[in-house]
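Undergrad: I am sharing input-v5.cif, which consists of mmCIF, C-alpha atoms:
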data_entry
#
loop_
_atom_site.label_atom_id
_atom_site.label_comp_id
_atom_site.auth_asym_id
_atom_site.auth_seq_id
_atom_site.Cartn_x
_atom_site.Cartn_y
_atom_site.Cartn_z
CA MET C 1495 56.57 -117.73 -59.26
CA ASN C 1496 55.23 -114.19 -58.93
CA ASP C 1497 54.05 -114.35 -62.53
CA THR C 1498 50.23 -114.10 -62.34
CA SER C 1499 49.95 -116.21 -65.47
CA ASP C 1500 50.40 -119.14 -63.10
CA HIS C 1501 46.95 -118.25 -61.73
CA PRO C 1502 44.97 -117.59 -64.85
CA GLU C 1503 41.63 -117.78 -63.05
CA SER C 1504 42.33 -115.24 -60.33
CA ARG C 1505 41.57 -112.17 -62.42
CA PRO C 1506 38.29 -113.38 -63.97
CA ARG C 1507 37.07 -114.46 -60.55
CA ARG C 1508 37.92 -111.13 -58.95
CA ASP C 1509 36.22 -109.15 -61.72
CA SER C 1510 33.32 -111.47 -62.36
CA ALA C 1511 30.58 -109.38 -60.75
CA ALA C 1512 31.65 -106.28 -62.66
CA SER C 1513 32.00 -108.20 -65.94
CA LYS C 1514 28.59 -109.76 -65.51
CA ARG C 1515 27.07 -106.34 -64.88
CA ARG C 1516 28.77 -104.86 -67.94
CA LEU C 1517 27.67 -107.82 -70.08
CA LEU C 1518 24.05 -107.44 -68.97
CA ALA C 1519 24.09 -103.70 -69.71
CA ALA C 1520 25.67 -104.21 -73.14
CA ALA C 1521 23.27 -107.06 -73.90
CA ALA C 1522 20.25 -104.92 -72.95
CA ASP C 1523 21.37 -102.28 -75.49
CA GLU C 1524 22.08 -104.83 -78.21
CA PHE C 1525 18.83 -106.81 -77.72
CA ALA C 1526 16.73 -103.64 -77.52
CA ALA C 1527 18.19 -102.45 -80.81
CA ARG C 1528 18.27 -105.72 -82.76
CA GLY C 1529 16.23 -108.40 -81.02
CA ILE C 1530 17.41 -111.91 -80.28
CA ALA C 1531 18.02 -113.14 -83.83
CA GLY C 1532 19.70 -109.87 -84.81
CA ALA C 1533 21.91 -109.59 -81.71
CA ARG C 1534 25.56 -110.60 -81.99
CA VAL C 1535 27.35 -112.09 -79.01
CA ASP C 1536 30.65 -110.70 -80.35
CA ARG C 1537 29.27 -107.17 -80.34
CA ILE C 1538 27.97 -107.56 -76.78
CA ALA C 1539 31.32 -108.90 -75.50
CA SER C 1540 33.21 -106.13 -77.24
CA ALA C 1541 30.89 -103.36 -75.92
CA ALA C 1542 31.25 -104.83 -72.41
CA GLN C 1543 35.04 -105.11 -72.82
CA ALA C 1544 34.70 -108.72 -71.71
CA ASN C 1545 35.74 -112.06 -73.10
CA LYS C 1546 33.01 -113.65 -75.20
CA ARG C 1547 33.52 -116.95 -73.38
CA LEU C 1548 32.21 -115.34 -70.19
CA ILE C 1549 28.78 -115.05 -71.82
CA TYR C 1550 28.64 -118.81 -72.24
CA ASP C 1551 30.05 -119.37 -68.73
CA TYR C 1552 27.50 -117.08 -67.06
CA PHE C 1553 24.40 -117.40 -69.22
CA GLY C 1554 24.74 -120.64 -71.21
CA ASP C 1555 23.91 -119.15 -74.61
CA LYS C 1556 22.40 -116.10 -76.34
CA ASP C 1557 18.86 -117.11 -75.31
CA GLY C 1558 19.98 -117.46 -71.70
CA LEU C 1559 21.54 -114.01 -71.85
CA PHE C 1560 18.28 -112.59 -73.21
CA ASP C 1561 16.36 -114.26 -70.37
CA ALA C 1562 18.68 -112.65 -67.82
CA VAL C 1563 18.21 -109.25 -69.49
CA MET C 1564 14.42 -109.66 -69.52
CA ASP C 1565 14.37 -110.75 -65.91
CA ALA C 1566 16.17 -107.54 -64.86
CA ASN C 1567 14.02 -105.49 -67.25
CA MET C 1568 10.83 -106.92 -65.75
CA ASP C 1569 11.96 -105.96 -62.23
CA LYS C 1570 12.84 -102.47 -63.36
CA VAL C 1571 9.58 -101.75 -65.21
CA ILE C 1572 7.31 -103.30 -62.57
CA GLY C 1573 9.19 -101.57 -59.73
CA ALA C 1574 9.04 -98.17 -61.42
CA ASN C 1575 5.29 -98.26 -62.08
CA PRO C 1576 3.35 -99.04 -58.90
CA MET C 1577 -0.41 -98.84 -59.42
CA ASP C 1578 -2.60 -96.53 -57.39
CA ALA C 1579 -6.02 -98.07 -58.01
CA ASN C 1580 -7.69 -95.02 -56.47
CA ASP C 1581 -6.14 -92.84 -59.17
CA LEU C 1582 -6.22 -94.89 -62.36
CA PRO C 1583 -6.17 -91.86 -64.72
CA GLY C 1584 -2.99 -90.67 -62.97
CA TYR C 1585 -1.52 -94.17 -63.13
CA ALA C 1586 -2.21 -94.32 -66.88
CA GLY C 1587 -0.55 -90.92 -67.38
CA ARG C 1588 2.54 -91.93 -65.45
CA TRP C 1589 2.71 -95.27 -67.26
CA PHE C 1590 2.48 -93.42 -70.57
CA ASP C 1591 5.31 -91.06 -69.49
CA TYR C 1592 7.44 -93.97 -68.39
CA SER C 1593 6.98 -95.95 -71.61
CA ARG C 1594 7.80 -92.85 -73.63
CA GLU C 1595 10.93 -92.13 -71.61
CA HIS C 1596 12.17 -95.73 -71.67
CA PRO C 1597 11.64 -96.92 -75.25
CA ASP C 1598 14.40 -99.54 -74.97
CA GLU C 1599 12.71 -101.24 -72.02
CA MET C 1600 9.47 -101.35 -74.02
CA ARG C 1601 11.24 -102.64 -77.12
CA LEU C 1602 12.63 -105.55 -75.09
CA PHE C 1603 9.06 -106.61 -74.26
CA ASP C 1604 8.12 -106.34 -77.93
CA TRP C 1605 11.02 -108.52 -79.04
CA ALA C 1606 10.22 -111.09 -76.35
CA ARG C 1607 6.64 -111.25 -77.60
CA LEU C 1608 7.51 -111.42 -81.31
CA GLU C 1609 10.33 -113.91 -80.84
CA LEU C 1610 8.19 -115.97 -78.44
CA ARG C 1611 10.88 -115.87 -75.78
CA LEU C 1612 9.95 -115.04 -72.22
CA GLY C 1613 11.69 -117.19 -69.64
CA PRO C 1614 9.89 -118.69 -66.62
CA ILE C 1615 11.28 -116.17 -64.11
CA ALA C 1616 10.27 -113.03 -66.03
CA LEU C 1617 6.94 -114.63 -66.95
CA GLY C 1618 6.15 -115.50 -63.33
CA LYS C 1619 6.93 -111.94 -62.23
CA ARG C 1620 4.73 -110.48 -64.94
CA THR C 1621 1.84 -112.78 -64.09
CA GLN C 1622 2.09 -111.86 -60.40
CA SER C 1623 2.17 -108.16 -61.27
CA TYR C 1624 -1.02 -108.50 -63.33
CA ARG C 1625 -2.77 -110.44 -60.56
CA ARG C 1626 -1.76 -107.79 -58.00
CA ARG C 1627 -3.08 -104.98 -60.16
CA LEU C 1628 -6.34 -106.79 -60.93
CA ALA C 1629 -6.85 -107.33 -57.18
CA ALA C 1630 -6.15 -103.63 -56.49
CA ILE C 1631 -8.77 -102.54 -59.02
CA GLU C 1632 -11.26 -104.99 -57.52
CA ALA C 1633 -10.61 -103.50 -54.06
CA ALA C 1634 -11.16 -99.97 -55.42
CA GLN C 1635 -14.46 -101.14 -56.91
CA ARG C 1636 -15.51 -102.46 -53.49
CA GLU C 1637 -14.55 -99.11 -51.94
CA GLY C 1638 -16.62 -97.37 -54.61
CA THR C 1639 -13.86 -95.24 -56.20
CA VAL C 1640 -14.02 -97.22 -59.46
CA SER C 1641 -17.25 -98.06 -61.30
CA THR C 1642 -18.27 -101.73 -61.35
CA ARG C 1643 -19.73 -101.37 -64.84
CA LEU C 1644 -16.61 -103.09 -66.24
CA SER C 1645 -14.52 -105.94 -64.85
CA PRO C 1646 -11.07 -105.21 -63.35
CA GLU C 1647 -9.63 -107.12 -66.29
CA GLN C 1648 -11.42 -104.90 -68.82
CA ILE C 1649 -10.26 -101.74 -67.07
CA LEU C 1650 -6.63 -102.83 -66.92
CA MET C 1651 -6.85 -104.04 -70.51
CA VAL C 1652 -7.79 -100.57 -71.74
CA ILE C 1653 -5.09 -98.85 -69.68
CA GLU C 1654 -2.38 -101.22 -70.89
CA SER C 1655 -3.56 -101.14 -74.50
CA LEU C 1656 -3.58 -97.35 -74.59
CA CYS C 1657 -0.17 -96.93 -73.00
CA VAL C 1658 1.50 -99.72 -74.97
CA GLY C 1659 -0.44 -99.28 -78.21
CA TRP C 1660 0.54 -95.63 -78.33
CA LEU C 1661 4.15 -96.67 -78.99
CA SER C 1662 3.09 -98.60 -82.09
CA THR C 1663 0.87 -95.89 -83.45
CA THR C 1664 2.96 -92.76 -82.95
CA PRO C 1665 5.08 -92.94 -86.10
CA PRO C 1666 2.16 -92.97 -88.54
CA PHE C 1667 0.59 -90.01 -86.77
CA LEU C 1668 3.78 -88.03 -86.92
CA ALA C 1669 4.09 -88.73 -90.63
CA ALA C 1670 0.44 -87.94 -91.33
CA ALA C 1671 0.41 -84.79 -89.21
CA ASP C 1672 3.45 -83.21 -90.76
CA LYS C 1673 2.11 -81.87 -94.03
CA HIS C 1674 5.52 -80.53 -94.98
CA THR C 1675 7.24 -83.90 -94.71
CA PRO C 1676 7.24 -85.97 -97.87
CA GLU C 1677 4.95 -88.94 -97.36
CA HIS C 1678 7.73 -91.44 -97.75
CA ARG C 1679 9.91 -90.10 -94.94
CA ASN C 1680 9.43 -91.86 -91.62
CA PRO C 1681 10.07 -89.28 -88.90
CA GLN C 1682 12.76 -90.33 -86.40
CA PRO C 1683 13.15 -90.39 -83.48
CA LEU C 1684 9.62 -91.67 -83.30
CA LEU C 1685 8.79 -90.49 -79.82
CA GLY C 1686 10.48 -87.11 -79.96
CA ASN C 1687 7.47 -84.98 -80.82
CA GLU C 1688 6.50 -83.21 -77.58
CA GLU C 1689 3.31 -81.67 -78.89
CA MET C 1690 1.86 -84.92 -80.15
CA SER C 1691 2.88 -86.74 -76.99
CA SER C 1692 1.10 -84.24 -74.82
CA ARG C 1693 -2.08 -84.62 -76.92
CA ALA C 1694 -1.79 -88.39 -76.61
CA ARG C 1695 -1.27 -88.20 -72.86
CA GLU C 1696 -4.28 -85.93 -72.50
CA VAL C 1697 -6.62 -88.27 -74.37
CA ILE C 1698 -5.33 -91.36 -72.54
CA VAL C 1699 -5.95 -89.81 -69.11
CA ASP C 1700 -9.35 -88.53 -70.25
CA THR C 1701 -10.33 -91.94 -71.65
CA VAL C 1702 -9.43 -93.72 -68.42
CA ARG C 1703 -11.34 -91.11 -66.40
CA ARG C 1704 -14.50 -91.79 -68.44
CA LEU C 1705 -13.90 -95.52 -68.32
CA ILE C 1706 -14.09 -95.75 -64.53
CA ALA C 1707 -16.80 -93.11 -64.00
CA SER C 1708 -20.16 -94.37 -62.79
CA MET O 1375 18.01 -128.64 -132.02
CA ASN O 1376 14.73 -129.38 -130.25
CA ASP O 1377 16.60 -129.68 -126.97
CA THR O 1378 15.19 -126.95 -124.70
CA SER O 1379 18.51 -126.72 -122.87
CA ASP O 1380 19.57 -124.49 -125.78
CA HIS O 1381 17.12 -121.92 -124.37
CA PRO O 1382 17.87 -121.97 -120.67
CA GLU O 1383 15.96 -118.76 -119.99
CA SER O 1384 12.66 -119.77 -121.53
CA ARG O 1385 11.38 -121.70 -118.53
CA PRO O 1386 12.19 -119.09 -115.84
CA ARG O 1387 10.62 -116.38 -117.99
CA ARG O 1388 7.44 -118.39 -118.53
CA ASP O 1389 7.09 -119.22 -114.82
CA SER O 1390 8.30 -115.95 -113.41
CA ALA O 1391 4.93 -114.52 -112.33
CA ALA O 1392 4.05 -117.73 -110.50
CA SER O 1393 7.50 -117.99 -108.88
CA LYS O 1394 7.35 -114.39 -107.74
CA ARG O 1395 3.93 -114.97 -106.20
CA ARG O 1396 5.12 -118.11 -104.41
CA LEU O 1397 8.24 -116.32 -103.17
CA LEU O 1398 6.18 -113.43 -101.77
CA ALA O 1399 3.81 -115.81 -99.99
CA ALA O 1400 6.64 -117.86 -98.52
CA ALA O 1401 8.49 -114.69 -97.52
CA ALA O 1402 5.40 -113.30 -95.76
CA ASP O 1403 5.21 -116.48 -93.66
CA GLU O 1404 8.93 -116.47 -92.89
CA PHE O 1405 9.13 -112.75 -92.02
CA ALA O 1406 5.96 -112.88 -89.90
CA ALA O 1407 7.41 -115.75 -87.89
CA ARG O 1408 11.03 -114.62 -87.57
CA GLY O 1409 11.43 -110.99 -88.57
CA ILE O 1410 14.02 -109.67 -90.98
CA ALA O 1411 17.19 -110.60 -89.07
CA GLY O 1412 15.80 -114.03 -88.24
CA ALA O 1413 14.50 -114.83 -91.73
CA ARG O 1414 16.55 -117.11 -93.98
CA VAL O 1415 16.51 -116.64 -97.73
CA ASP O 1416 17.25 -120.37 -98.16
CA ARG O 1417 14.15 -121.32 -96.22
CA ILE O 1418 12.00 -118.93 -98.25
CA ALA O 1419 13.30 -120.28 -101.58
CA SER O 1420 12.80 -123.84 -100.44
CA ALA O 1421 9.24 -123.21 -99.19
CA ALA O 1422 8.43 -121.48 -102.50
CA GLN O 1423 10.06 -124.32 -104.48
CA ALA O 1424 12.04 -121.67 -106.29
CA ASN O 1425 15.70 -121.04 -106.96
CA LYS O 1426 17.25 -118.79 -104.34
CA ARG O 1427 18.86 -116.70 -107.09
CA LEU O 1428 15.41 -115.57 -108.18
CA ILE O 1429 15.06 -113.67 -104.89
CA TYR O 1430 18.09 -111.58 -105.76
CA ASP O 1431 16.94 -111.16 -109.36
CA TYR O 1432 13.46 -109.98 -108.39
CA PHE O 1433 13.98 -108.18 -105.09
CA GLY O 1434 17.68 -107.29 -104.86
CA ASP O 1435 18.25 -108.60 -101.35
CA LYS O 1436 16.47 -109.75 -98.19
CA ASP O 1437 15.55 -106.16 -97.26
CA GLY O 1438 14.08 -105.61 -100.71
CA LEU O 1439 12.04 -108.78 -100.36
CA PHE O 1440 10.74 -107.58 -96.98
CA ASP O 1441 9.78 -104.23 -98.56
CA ALA O 1442 7.81 -106.04 -101.26
CA VAL O 1443 6.04 -108.17 -98.63
CA MET O 1444 5.20 -105.08 -96.55
CA ASP O 1445 3.92 -103.22 -99.58
CA ALA O 1446 1.46 -106.05 -100.33
CA ASN O 1447 0.61 -106.37 -96.63
CA MET O 1448 -0.17 -102.66 -96.38
CA ASP O 1449 -2.56 -102.88 -99.36
CA LYS O 1450 -4.28 -105.91 -97.86
CA VAL O 1451 -4.76 -104.46 -94.37
CA ILE O 1452 -5.83 -101.00 -95.54
CA GLY O 1453 -8.18 -102.44 -98.17
CA ALA O 1454 -9.82 -104.83 -95.70
CA ASN O 1455 -10.55 -102.16 -93.07
CA PRO O 1456 -12.39 -99.21 -94.58
CA MET O 1457 -13.41 -96.63 -91.98
CA ASP O 1458 -17.01 -95.61 -91.46
CA ALA O 1459 -16.56 -92.35 -89.54
CA ASN O 1460 -20.26 -92.30 -88.71
CA ASP O 1461 -19.89 -95.60 -86.87
CA LEU O 1462 -16.52 -95.45 -85.13
CA PRO O 1463 -17.42 -97.97 -82.39
CA GLY O 1464 -18.36 -100.47 -85.11
CA TYR O 1465 -15.16 -99.66 -87.00
CA ALA O 1466 -13.09 -100.30 -83.87
CA GLY O 1467 -14.86 -103.63 -83.30
CA ARG O 1468 -14.26 -104.77 -86.86
CA TRP O 1469 -10.62 -103.62 -86.73
CA PHE O 1470 -10.19 -105.59 -83.51
CA ASP O 1471 -11.71 -108.69 -85.14
CA TYR O 1472 -9.47 -108.29 -88.16
CA SER O 1473 -6.28 -107.89 -86.14
CA ARG O 1474 -7.20 -110.92 -84.08
CA GLU O 1475 -7.94 -113.05 -87.15
CA HIS O 1476 -4.78 -111.96 -89.01
CA PRO O 1477 -2.00 -112.09 -86.45
CA ASP O 1478 0.68 -112.60 -89.12
CA GLU O 1479 -0.26 -109.37 -90.89
CA MET O 1480 -0.04 -107.53 -87.58
CA ARG O 1481 3.27 -109.16 -86.71
CA LEU O 1482 4.73 -107.89 -90.00
CA PHE O 1483 3.95 -104.33 -88.90
CA ASP O 1484 5.57 -104.99 -85.54
CA TRP O 1485 8.74 -106.32 -87.12
CA ALA O 1486 8.91 -103.36 -89.50
CA ARG O 1487 8.62 -100.99 -86.54
CA LEU O 1488 11.17 -102.77 -84.35
CA GLU O 1489 13.66 -103.36 -87.14
CA LEU O 1490 13.16 -99.78 -88.39
CA ARG O 1491 12.38 -100.99 -91.89
CA LEU O 1492 9.42 -99.56 -93.75
CA GLY O 1493 10.11 -98.81 -97.38
CA PRO O 1494 8.94 -95.60 -99.09
CA ILE O 1495 6.04 -97.24 -100.94
CA ALA O 1496 4.46 -98.89 -97.88
CA LEU O 1497 5.16 -95.79 -95.81
CA GLY O 1498 3.48 -93.49 -98.34
CA LYS O 1499 0.40 -95.72 -98.44
CA ARG O 1500 0.17 -95.78 -94.67
CA THR O 1501 0.53 -92.02 -94.40
CA GLN O 1502 -2.20 -91.51 -96.99
CA SER O 1503 -4.49 -93.94 -95.17
CA TYR O 1504 -4.03 -92.02 -91.90
CA ARG O 1505 -4.71 -88.70 -93.60
CA ARG O 1506 -7.86 -90.09 -95.22
CA ARG O 1507 -9.16 -91.41 -91.92
CA LEU O 1508 -8.38 -88.17 -90.06
CA ALA O 1509 -10.28 -86.24 -92.75
CA ALA O 1510 -13.25 -88.62 -92.46
CA ILE O 1511 -13.44 -88.09 -88.68
CA GLU O 1512 -13.22 -84.34 -89.18
CA ALA O 1513 -16.13 -84.51 -91.64
CA ALA O 1514 -18.20 -86.55 -89.15
CA GLN O 1515 -17.48 -83.88 -86.53
CA ARG O 1516 -18.78 -81.20 -88.92
CA GLU O 1517 -21.91 -83.29 -89.50
CA GLY O 1518 -22.34 -83.63 -85.73
CA THR O 1519 -22.16 -87.43 -85.43
CA VAL O 1520 -18.84 -87.27 -83.57
CA SER O 1521 -18.14 -84.95 -80.63
CA THR O 1522 -15.66 -82.13 -81.22
CA ARG O 1523 -14.37 -82.38 -77.66
CA LEU O 1524 -11.31 -84.26 -78.97
CA SER O 1525 -9.31 -83.77 -82.16
CA PRO O 1526 -9.64 -86.29 -85.02
CA GLU O 1527 -6.06 -87.28 -84.28
CA GLN O 1528 -6.83 -88.02 -80.62
CA ILE O 1529 -9.87 -90.09 -81.55
CA LEU O 1530 -8.01 -92.17 -84.12
CA MET O 1531 -5.09 -92.52 -81.71
CA VAL O 1532 -7.31 -94.16 -79.09
CA ILE O 1533 -8.96 -96.49 -81.61
CA GLU O 1534 -5.63 -97.60 -83.07
CA SER O 1535 -3.97 -97.95 -79.66
CA LEU O 1536 -6.79 -100.10 -78.32
CA CYS O 1537 -6.97 -102.38 -81.34
CA VAL O 1538 -3.20 -102.73 -81.74
CA GLY O 1539 -2.28 -102.60 -78.04
CA TRP O 1540 -4.66 -105.43 -77.31
CA LEU O 1541 -2.39 -107.78 -79.23
CA SER O 1542 0.53 -106.94 -76.94
CA THR O 1543 -1.43 -107.24 -73.75
CA THR O 1544 -3.44 -110.42 -74.26
CA PRO O 1545 -0.84 -112.96 -73.17
CA PRO O 1546 -0.32 -111.54 -69.68
CA PHE O 1547 -4.07 -111.41 -69.11
CA LEU O 1548 -4.49 -114.99 -70.17
CA ALA O 1549 -1.73 -116.08 -67.81
CA ALA O 1550 -3.07 -113.99 -64.93
CA ALA O 1551 -6.67 -115.04 -65.43
CA ASP O 1552 -6.01 -118.76 -65.49
CA LYS O 1553 -5.49 -119.54 -61.84
CA HIS O 1554 -4.90 -123.21 -62.62
CA THR O 1555 -1.99 -122.54 -64.96
CA PRO O 1556 1.42 -122.43 -63.34
CA GLU O 1557 2.67 -118.86 -63.42
CA HIS O 1558 5.63 -119.72 -65.58
CA ARG O 1559 3.64 -121.16 -68.47
CA ASN O 1560 2.97 -118.72 -71.28
CA PRO O 1561 -0.40 -119.62 -72.77
CA GLN O 1562 -0.28 -120.31 -76.49
CA PRO O 1563 -1.80 -119.64 -78.93
CA LEU O 1564 -1.98 -116.16 -77.49
CA LEU O 1565 -5.14 -115.04 -79.24
CA GLY O 1566 -7.08 -118.27 -79.01
CA ASN O 1567 -9.13 -117.51 -75.93
CA GLU O 1568 -12.64 -116.72 -77.19
CA GLU O 1569 -14.05 -115.61 -73.86
CA MET O 1570 -11.31 -113.08 -73.16
CA SER O 1571 -11.43 -111.80 -76.73
CA SER O 1572 -15.12 -111.12 -76.49
CA ARG O 1573 -14.63 -109.21 -73.23
CA ALA O 1574 -11.85 -107.19 -74.87
CA ARG O 1575 -13.98 -106.45 -77.92
CA GLU O 1576 -16.85 -105.33 -75.71
CA VAL O 1577 -14.73 -102.86 -73.73
CA ILE O 1578 -13.06 -101.49 -76.88
CA VAL O 1579 -16.38 -100.76 -78.56
CA ASP O 1580 -17.75 -99.27 -75.32
CA THR O 1581 -14.67 -97.08 -74.84
CA VAL O 1582 -14.92 -95.67 -78.36
CA ARG O 1583 -18.65 -95.03 -77.90
CA ARG O 1584 -17.92 -92.95 -74.77
CA LEU O 1585 -14.99 -91.27 -76.46
CA ILE O 1586 -17.06 -89.74 -79.24
CA ALA O 1587 -20.20 -88.98 -77.20
CA SER O 1588 -20.98 -85.33 -76.61
#
Just give me the structure of the file as C-alpha cells.

TA:
Amino acid sequence: MNDTSDHPESRPRRDSAASKRRLLAAAADEFAARGIAGARVDRIASAAQANKRLIYDYFGDKDGLFDAVMDANMDKVIGANPMDANDLPGYAGRWFDYSREHPDEMRLFDWARLELRLGPIALGKRTQSYRRRLAAIEAAQREGTVSTRLSPEQILMVIESLCVGWLSTTPPFLAAADKHTPEHRNPQPLLGNEEMSSRAREVIVDTVRRLIAS
Amino acid sequence: MNDTSDHPESRPRRDSAASKRRLLAAAADEFAARGIAGARVDRIASAAQANKRLIYDYFGDKDGLFDAVMDANMDKVIGANPMDANDLPGYAGRWFDYSREHPDEMRLFDWARLELRLGPIALGKRTQSYRRRLAAIEAAQREGTVSTRLSPEQILMVIESLCVGWLSTTPPFLAAADKHTPEHRNPQPLLGNEEMSSRAREVIVDTVRRLIAS
C-alpha cells in the first residue's frame, strides 16, 4: 500500500502552483509568437513539461488560457509604467524604452486586438489605467505644468500612438534606410537597430514636449 | 461528340480570371478577419464559389495566397495615399481618414507584421514607397517649407506612428471615456465613434503642424 499509484492525485495537487506558473509562462511565449489561432496547446504543455489536461482543468480552454496570460500581462505592463504627469516627455521616453525592450508583451496586446479577444478582467484593468492617467493629466493642467490647449485625452492619445505606433513602423524604416540591403529583405530583428531607435526616441520626447508647451 | 465533358479544362480556363479575382477578394476578407493561421482555405473557396483546388493551382498554398493579397493591398494603400510634402499636416489628416475608413486594409498589415509574413514583392513596394516619401520631405526641406530641425526620417516616423498607432489606441479611449459603460465591455465597432475620431484627427494634424514648424 506504499505504492503512490494508489493516490494518483497527490502529485498533481502538490505541484499544481508550479505547473500553473510554468503553463502561463510557456503560454505567454507561444501566444506572443503565434497568436491565439496559431498557438498549439500541445506545444504549450510540452514546453511547460506539464500534462495537456491541466490546461483544460485550470483554464477551461485555449481562449481561457489566453485570458489568463493577458490578465498577467496587463498587470505587468501597467505596473512597470507609472505615469508622471508633471514629466510627460520623460514618461513617453520611458514608455518607448519599455515597449522596445518587451516586444513580446506588446505583441500580446496586438494579438488581443486583432483577434478581438480581451477578457473582462484585463479590459477592466486597462480601462481603469486609462482613467487614472487621464485624471493625472487633468490635475497637471490645473497645476499649470501642462498646457490646456489640448484635452487630457488628446495628449494621452498622441503619447500612446507614438510609443505604440513606432513598433509598427520600424521595419519599413530599417529597410528603407539601409541602402545596401536589397529591397526585398525585411531586416530582422525588427527592433535591434540602436541608431534608429535613438532617433525615434529623440523625436518622440521632442514631440511630446512641444505638445504640452503653452 | 458535342458533350463538353470531353473538354473538362475548357470551363476553368475560360473562367479563370474571374475565379482568381473572386478568390483574392474572399481571401482578403478572410485574412483581414482571422490572420494567416486563423484563415481557412475551405471558407475562402466557398465564399468565392470556387473549387478549393484552384487556390493551390494559382497560389501554391495559403501563404502564397496571403502574399498575393498583400501585394494587391500594398498597391491599393500606396496608390490611395500620395504624399504632398508641402502639406504634411494635410497628408497626415488624409492618411488618418483613410486608415479609419479602411480598417481591413490596415489589419492586413498588422497580421503580416505579427505573423512575420511579407513577401518580397509587397516588401519591395513598401520600401520604395518609404524611400520616395523620405526624398519628398528632404526636397521640401531644401525648398524651406519644412523645418530642418528634424530628419526626414523622424518626421515621417511621427506621421506614420500617429496615424497607425491611433488604430491600436482607440478602443481603450472609448472604454475609458464612456463613464456609463461597464468597465468590462469593449466598445465595438472600435472606430465608429465620430466625436472621438474628430478629436484624434485634430490633434494629429496639429502635432504634425508643430513638428515641421521652424

Undergrad: For atom CA of O:Glu1527 and atom CA of O:Lys1499, determine how far apart the two atoms are, in Å to one decimal place.

TA: 17.7 Å

Undergrad: Kindly give the distance, in Å, that separates atom CA of C:Glu1609 and atom CA of O:Arg1408, rounded to a single decimal.

TA: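 Result for atom CA of C:Glu1609 versus atom CA of O:Arg1408: 6.8 Å, one decimal.
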
Undergrad: How would you write, as a PyMOL selection string, the residues chosen by the PyMOL selection byres ((chain O) within 7 of (chain C)) on this structure?

TA: chain O and resi 1408+1411-1412+1489+1494-1495+1497-1498+1501+1504-1505+1528+1532+1534-1536+1538-1540+1543+1546+1549-1550+1557-1559+1573-1574+1577+1581+1585

Undergrad: Around the point (-8.4, -90.3, -64.2), in the coordinates given by the file, pick out the residues reaching within 6 Å, counting all atoms listed in the file, and return them as an MDAnalysis selection string.

TA: chainID C and resid 1582:1584 1699 1702:1703

Undergrad: Once the PyMOL selection byres ((chain C and resi 1563-1566) around 7) has been applied to the shown file, what residues remain in the selection, as a list in words?

TA: Leu1518, Ala1522, Leu1559, Phe1560, Asp1561, Ala1562, Asn1567, Met1568, Asp1569, Lys1570, Ile1615 and Ala1616 of chain C

Undergrad: For the atom pair atom CA of O:Ser1588 and atom CA of O:Arg1516, what is the interatomic distance in Å to one decimal place?

TA: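 Answer for the atom CA of O:Ser1588 to atom CA of O:Arg1516 separation: 13.2 Å.
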
Undergrad: When the PyMOL selection byres ((chain C and resi 1579) around 10) is applied to the file above, which residues end up in the set, as a PDB file with C-alpha atoms, in the frame of the given file?

TA:
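What landed in expr_21.pdb:
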ATOM      1  CA  PRO C1576       3.350 -99.040 -58.900  1.00  0.00           C
ATOM      2  CA  MET C1577      -0.410 -98.840 -59.420  1.00  0.00           C
ATOM      3  CA  ASP C1578      -2.600 -96.530 -57.390  1.00  0.00           C
ATOM      4  CA  ASN C1580      -7.690 -95.020 -56.470  1.00  0.00           C
ATOM      5  CA  ASP C1581      -6.140 -92.840 -59.170  1.00  0.00           C
ATOM      6  CA  LEU C1582      -6.220 -94.890 -62.360  1.00  0.00           C
ATOM      7  CA  PRO C1583      -6.170 -91.860 -64.720  1.00  0.00           C
ATOM      8  CA  GLY C1584      -2.990 -90.670 -62.970  1.00  0.00           C
ATOM      9  CA  TYR C1585      -1.520 -94.170 -63.130  1.00  0.00           C
ATOM     10  CA  ARG C1627      -3.080-104.980 -60.160  1.00  0.00           C
ATOM     11  CA  LEU C1628      -6.340-106.790 -60.930  1.00  0.00           C
ATOM     12  CA  ALA C1629      -6.850-107.330 -57.180  1.00  0.00           C
ATOM     13  CA  ALA C1630      -6.150-103.630 -56.490  1.00  0.00           C
ATOM     14  CA  ILE C1631      -8.770-102.540 -59.020  1.00  0.00           C
ATOM     15  CA  GLU C1632     -11.260-104.990 -57.520  1.00  0.00           C
ATOM     16  CA  ALA C1633     -10.610-103.500 -54.060  1.00  0.00           C
ATOM     17  CA  ALA C1634     -11.160 -99.970 -55.420  1.00  0.00           C
ATOM     18  CA  GLN C1635     -14.460-101.140 -56.910  1.00  0.00           C
ATOM     19  CA  THR C1639     -13.860 -95.240 -56.200  1.00  0.00           C
ATOM     20  CA  VAL C1640     -14.020 -97.220 -59.460  1.00  0.00           C
TER      21      VAL C1640
END

Undergrad: Between C:Gly1587, C:Ser1510, C:Ala1606, C:Met1600, which one has atoms that come closest to C:Ser1692, using all atoms listed in the file?

TA: C:Gly1587

Undergrad: Is there a way to get, as an MDAnalysis selection string, all residues within 9 Å of the point (14.2, -113.7, -104.3) in file coordinates, counting all atoms listed in the file?

TA: chainID O and resid 1394 1397:1398 1401 1415 1418:1419 1424:1436 1438:1439
